[in-house]
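Undergrad: File query.txt below, compact mmCIF, C-alpha atoms and all ligand atoms:
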# COMPACT_ATOMS: atom_id res chain seq x y z
CA MET A 1 0.00 0.00 0.00
CA SER A 2 1.25 3.48 -0.81
CA GLN A 3 2.33 5.54 2.19
CA ALA A 4 2.31 8.86 0.33
CA ALA A 5 -0.10 11.65 1.15
CA SER A 6 -0.05 14.99 -0.62
CA PRO A 7 1.16 18.35 0.63
CA GLU A 8 -2.48 19.40 0.92
CA THR A 9 -3.32 16.58 3.33
CA ARG A 10 -3.57 18.08 6.81
CA VAL A 11 -3.13 15.90 9.88
CA VAL A 12 -3.47 17.07 13.48
CA VAL A 13 -2.06 15.07 16.40
CA ALA A 14 -4.24 16.01 19.39
CA TYR A 15 -2.72 14.60 22.56
CA HIS A 16 -2.35 14.91 26.30
CA SER A 17 0.81 14.00 28.19
CA GLY A 18 1.16 14.54 31.92
CA TYR A 19 4.88 13.76 32.17
CA GLY A 20 6.18 13.91 28.59
CA HIS A 21 6.24 10.26 27.51
CA THR A 22 3.12 10.38 25.39
CA ALA A 23 4.41 13.64 23.92
CA VAL A 24 7.42 11.72 22.54
CA LEU A 25 4.99 9.38 20.78
CA ALA A 26 2.90 12.31 19.53
CA GLU A 27 6.02 13.72 17.91
CA ALA A 28 6.71 10.33 16.32
CA VAL A 29 3.17 10.10 14.98
CA GLY A 30 3.56 13.58 13.52
CA ARG A 31 6.95 12.70 12.04
CA GLY A 32 5.42 9.66 10.32
CA ALA A 33 2.61 11.73 8.84
CA GLY A 34 5.14 14.32 7.72
CA LYS A 35 7.31 11.69 6.04
CA ALA A 36 4.18 10.65 4.15
CA ALA A 37 4.03 14.23 2.85
CA ALA A 38 1.19 15.52 4.99
CA GLN A 39 1.17 18.92 6.67
CA VAL A 40 1.19 18.20 10.41
CA ASP A 41 0.23 20.16 13.51
CA LEU A 42 0.68 18.92 17.07
CA VAL A 43 -1.87 20.17 19.60
CA ALA A 44 -1.46 19.62 23.35
CA VAL A 45 -5.12 19.43 24.30
CA ASP A 46 -4.70 20.62 27.89
CA THR A 47 -3.54 24.02 26.61
CA ILE A 48 -5.58 24.10 23.40
CA THR A 49 -6.28 27.57 21.98
CA GLU A 50 -9.11 28.77 19.73
CA ASP A 51 -6.70 28.78 16.78
CA GLN A 52 -5.81 25.17 17.55
CA TRP A 53 -9.48 24.15 17.74
CA SER A 54 -9.71 25.62 14.23
CA LEU A 55 -6.79 23.44 13.12
CA LEU A 56 -8.76 20.39 14.20
CA ASP A 57 -11.94 21.68 12.55
CA THR A 58 -10.23 22.06 9.17
CA ALA A 59 -7.94 18.99 9.23
CA ASP A 60 -8.38 15.96 7.01
CA ALA A 61 -7.41 13.65 9.87
CA VAL A 62 -7.03 13.84 13.64
CA ILE A 63 -4.91 11.35 15.57
CA PHE A 64 -5.80 11.28 19.27
CA GLY A 65 -3.25 10.38 21.92
CA THR A 66 -3.38 10.05 25.69
CA PRO A 67 -1.52 8.23 28.44
CA THR A 68 -3.46 5.47 30.14
CA TYR A 69 -4.25 6.61 33.65
CA MET A 70 -6.29 4.41 35.99
CA GLY A 71 -7.21 2.09 33.12
CA GLY A 72 -8.48 4.79 30.76
CA ALA A 73 -7.72 8.11 29.13
CA SER A 74 -6.24 10.84 31.31
CA ALA A 75 -8.37 13.54 32.92
CA GLY A 76 -6.62 16.06 30.66
CA PHE A 77 -7.79 14.19 27.58
CA HIS A 78 -11.29 13.71 28.96
CA ALA A 79 -11.59 17.47 29.60
CA PHE A 80 -10.76 18.03 25.93
CA ALA A 81 -13.22 15.32 24.84
CA GLU A 82 -16.01 16.92 26.87
CA ALA A 83 -15.10 20.36 25.55
CA SER A 84 -15.57 18.98 22.01
CA SER A 85 -19.27 18.23 22.63
CA GLY A 86 -20.45 21.33 20.75
CA ARG A 87 -18.60 20.06 17.71
CA TYR A 88 -20.23 16.65 18.26
CA LEU A 89 -23.64 18.34 18.18
CA ARG A 90 -22.81 20.30 15.02
CA GLY A 91 -21.03 17.40 13.28
CA THR A 92 -17.94 19.53 12.78
CA TRP A 93 -15.57 16.57 12.60
CA ALA A 94 -17.91 14.21 10.72
CA ASP A 95 -16.20 12.07 8.07
CA LYS A 96 -12.67 13.08 9.00
CA ILE A 97 -10.19 10.25 9.40
CA ALA A 98 -9.34 9.43 13.04
CA ALA A 99 -6.89 7.14 14.81
CA GLY A 100 -5.39 6.81 18.27
CA PHE A 101 -2.44 5.90 20.44
CA THR A 102 -1.72 5.47 24.11
CA ASN A 103 1.17 4.80 26.44
CA SER A 104 1.38 3.33 29.90
CA ALA A 105 3.81 1.77 32.36
CA SER A 106 2.64 -1.84 32.26
CA LYS A 107 2.87 -4.03 29.18
CA SER A 108 -0.91 -4.24 29.14
CA GLY A 109 -1.87 -1.69 31.78
CA ASP A 110 -5.44 -1.83 30.39
CA LYS A 111 -4.36 0.21 27.35
CA LEU A 112 -6.97 -1.48 25.15
CA ASN A 113 -9.65 0.20 27.23
CA THR A 114 -8.12 3.58 26.37
CA LEU A 115 -7.84 2.79 22.66
CA ASN A 116 -11.43 1.58 22.60
CA PHE A 117 -12.51 4.81 24.29
CA LEU A 118 -10.67 6.84 21.63
CA ALA A 119 -12.42 4.84 18.89
CA ALA A 120 -15.81 5.41 20.55
CA PHE A 121 -15.04 9.11 20.95
CA ALA A 122 -14.23 9.32 17.23
CA ALA A 123 -17.38 7.38 16.36
CA GLN A 124 -19.47 9.81 18.41
CA HIS A 125 -18.03 12.54 16.21
CA HIS A 126 -18.95 10.46 13.11
CA MET A 127 -15.29 10.19 12.21
CA ILE A 128 -13.80 7.30 10.20
CA TRP A 129 -11.53 5.18 12.42
CA VAL A 130 -8.28 3.80 11.00
CA GLY A 131 -6.66 0.98 12.97
CA LEU A 132 -2.95 0.39 13.32
CA GLY A 133 -2.61 -1.83 10.26
CA LEU A 134 0.30 -3.90 11.56
CA ALA A 135 0.63 -7.58 12.39
CA PRO A 136 1.34 -8.19 16.06
CA GLY A 137 5.03 -8.38 16.91
CA TRP A 138 7.03 -10.16 19.64
CA ASN A 139 4.66 -13.12 19.71
CA ALA A 140 6.68 -15.96 18.17
CA LEU A 141 9.94 -17.78 18.90
CA GLN A 142 11.87 -15.78 16.33
CA ALA A 143 10.18 -12.49 17.24
CA GLY A 144 11.66 -9.88 19.55
CA GLU A 145 11.10 -6.78 21.60
CA SER A 146 12.25 -4.52 18.80
CA ASP A 147 9.41 -5.64 16.50
CA LEU A 148 6.96 -3.09 15.22
CA ASN A 149 3.71 -3.37 17.20
CA ARG A 150 5.64 -5.31 19.85
CA LEU A 151 2.64 -5.19 22.24
CA GLY A 152 0.18 -6.55 19.69
CA PHE A 153 -2.55 -3.95 19.32
CA TRP A 154 -4.88 -3.57 16.35
CA VAL A 155 -7.26 -0.75 17.34
CA GLY A 156 -4.43 1.78 17.57
CA ALA A 157 -0.83 2.10 18.72
CA GLY A 158 -0.01 0.98 22.25
CA ALA A 159 3.32 1.87 23.88
CA GLN A 160 4.94 0.99 27.20
CA THR A 161 7.37 3.12 29.17
CA PRO A 162 8.77 2.16 32.60
CA GLN A 163 7.01 4.11 35.32
CA ASP A 164 10.34 5.30 36.74
CA GLY A 165 11.94 6.06 33.35
CA GLY A 166 12.44 9.47 31.78
CA VAL A 167 11.18 10.52 28.38
CA GLU A 168 14.38 9.10 26.85
CA THR A 169 13.20 5.59 27.83
CA VAL A 170 10.27 5.56 25.44
CA HIS A 171 10.93 2.36 23.48
CA GLU A 172 12.38 2.64 19.98
CA ALA A 173 9.95 0.04 18.64
CA ASP A 174 7.03 2.02 20.05
CA ILE A 175 8.39 5.18 18.44
CA ALA A 176 8.67 3.36 15.10
CA THR A 177 5.15 1.99 15.54
CA ALA A 178 3.85 5.50 16.22
CA GLU A 179 5.60 6.75 13.07
CA HIS A 180 3.89 3.97 11.13
CA LEU A 181 0.49 5.05 12.46
CA GLY A 182 1.10 8.65 11.39
CA ALA A 183 2.13 7.60 7.89
CA ARG A 184 -0.82 5.24 7.55
CA VAL A 185 -3.32 7.89 8.59
CA ALA A 186 -1.80 10.47 6.22
CA ALA A 187 -2.04 8.00 3.33
CA GLN A 188 -5.65 7.10 4.15
CA ALA A 189 -6.64 10.76 4.49
CA ALA A 190 -5.07 11.52 1.10
CA ALA A 191 -6.86 8.57 -0.51
CA LEU A 192 -10.21 9.67 0.93
CA ALA A 193 -9.71 13.25 -0.27
CA ALA A 194 -8.73 12.02 -3.74
CA GLY A 195 -11.83 9.82 -3.84
CA HIS A 196 -14.10 12.72 -2.92
CA ALA A 197 -12.44 14.88 -5.57
CA ALA A 198 -12.91 12.18 -8.21
CA LEU A 199 -16.57 11.75 -7.29
CA ALA A 200 -17.13 15.49 -7.48
CA THR A 201 -15.95 15.54 -11.09
CA ALA A 202 -17.52 12.23 -12.18
C1 LIG B 1 -2.56 8.86 37.74
C2 LIG B 1 -1.83 7.79 36.99
C3 LIG B 1 -2.48 6.63 36.64
C4 LIG B 1 -1.83 5.64 35.92
N1 LIG B 1 -2.51 4.52 35.57
C5 LIG B 1 -1.89 3.57 34.81
C6 LIG B 1 -2.61 2.42 34.37
O1 LIG B 1 -3.81 2.27 34.57
N2 LIG B 1 -1.92 1.47 33.69
C7 LIG B 1 -0.57 1.57 33.46
O2 LIG B 1 0.01 0.67 32.89
N3 LIG B 1 0.11 2.70 33.82
C8 LIG B 1 -0.52 3.69 34.47
N4 LIG B 1 0.15 4.83 34.82
C9 LIG B 1 1.53 5.04 34.31
C10 LIG B 1 1.52 5.98 33.08
O3 LIG B 1 0.63 5.52 32.10
C11 LIG B 1 2.92 6.08 32.49
O4 LIG B 1 3.81 6.58 33.47
C12 LIG B 1 2.97 6.91 31.23
O5 LIG B 1 4.27 6.80 30.64
C13 LIG B 1 2.68 8.39 31.51
O6 LIG B 1 2.63 9.08 30.29
P1 LIG B 1 2.86 10.65 30.26
O7 LIG B 1 4.29 10.92 30.67
O8 LIG B 1 2.60 11.04 28.85
O9 LIG B 1 1.89 11.26 31.23
C14 LIG B 1 -0.47 5.82 35.55
C15 LIG B 1 0.18 7.00 35.91
C16 LIG B 1 -0.48 7.98 36.60
C17 LIG B 1 0.25 9.25 36.94
As a first step, turn the structure in this file into structure tokens.

TA:
Amino acid sequence: MSQAASPETRVVVAYHSGYGHTAVLAEAVGRGAGKAAAQVDLVAVDTITEDQWSLLDTADAVIFGTPTYMGGASAGFHAFAEASSGRYLRGTWADKIAAGFTNSASKSGDKLNTLNFLAAFAAQHHMIWVGLGLAPGWNALQAGESDLNRLGFWVGAGAQTPQDGGVETVHEADIATAEHLGARVAAQAAALAAGHAALATA
């Protein structure tokens, strides 16, 4: 599958990070989308401005990211989600591409609950959810910790960082997996936009 977007494809990474680890992944997601030729903006949702809300409103795709806190999305992300309810009512984000990622200290840590919440949040906004699109890694005799998707998620990207580690301990395989997600979303957003353009002229 092509991983190329177009310079007109606009992707926003909307994330919360309490202690900086999820921010490292947000940057990786953005880097992946950028390598796929999309224009990328990163928005820290706990300090979101009116101009940044507008970036989300006009994007082709929004990739949501949050740490997993207490088995779900962080309070900072939930505040943003609740603040988006006016846009839910107006359908502002309807039919945009969406995807998600999360990070936590434990290998599982109940991250799937967080990813499922992000997918439900996107569905409430009538967005089009794009999963990770990678086979699970690190699950066979010849597999290893440096595999892409080493924690074996499908709904989105799941990363694990030791609870006592600094931001430099975010795992390289998780960073590469996050880059993959960004590139995949950029490519899907470009394909959708091209399809709409073709239909408009058919
Ligand atoms: C309030 C709180 C709750 C947490 N709950 C979980 C959890 O449910 N599962 C888990 O594996 N890690 C949990 N953690 C660990 C964080 O997910 C982990 O440290 C993560 O890297 C933090 O990301 P951040 O630096 O972007 O905030 C929790 C941390 C905090 C502060």

Undergrad: Once you count all atoms listed in the file, which residues end up within 7 Å of ligand LIG 1 (chain B), and could you hand them over as JSON, numbers by chain?

TA: {"A": [16, 17, 18, 19, 20, 21, 22, 23, 66, 67, 68, 69, 70, 71, 72, 103, 104, 105, 106, 107, 108, 109, 110, 111, 160, 161, 162, 163]}

Undergrad: Could you check the closest approach to A:Ala28 for each of A:Ala176, A:Ala194, A:Leu134, A:Gln188 and tell me which residue wins, using all atoms listed in the file?

TA: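 Closest residue, counting all atoms listed in the file: A:Ala176.
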
Undergrad: Between A:Val43, A:Ile175, A:Leu118, A:Ala83, single out the one closest to A:Val29, counting only C-alpha atoms.

TA: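 Of A:Val43, A:Ile175, A:Leu118, A:Ala83, the one nearest A:Val29 is A:Ile175, counting only C-alpha atoms.
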
Undergrad: Take atom CA of A:Val12 and atom CA of A:Asp60 and report the distance between them in Å, one decimal.

TA: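 Interatomic distance, atom CA of A:Val12 to atom CA of A:Asp60: 8.2 Å.
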
Undergrad: Which one of A:Ala186, A:Ala36, A:Val62, A:Leu115 sits closest to A:Ala159 if you count only C-alpha atoms?

TA: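 For A:Ala159, the nearest of the given residues is A:Leu115.
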
Undergrad: Given all atoms listed in the file as the basis, pick out the residue of A:Gln39, A:Gln124, A:Thr177, A:Asn139 nearest to A:Asp95.

TA: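 Counting all atoms listed in the file, the residue closest to A:Asp95 is A:Gln124.
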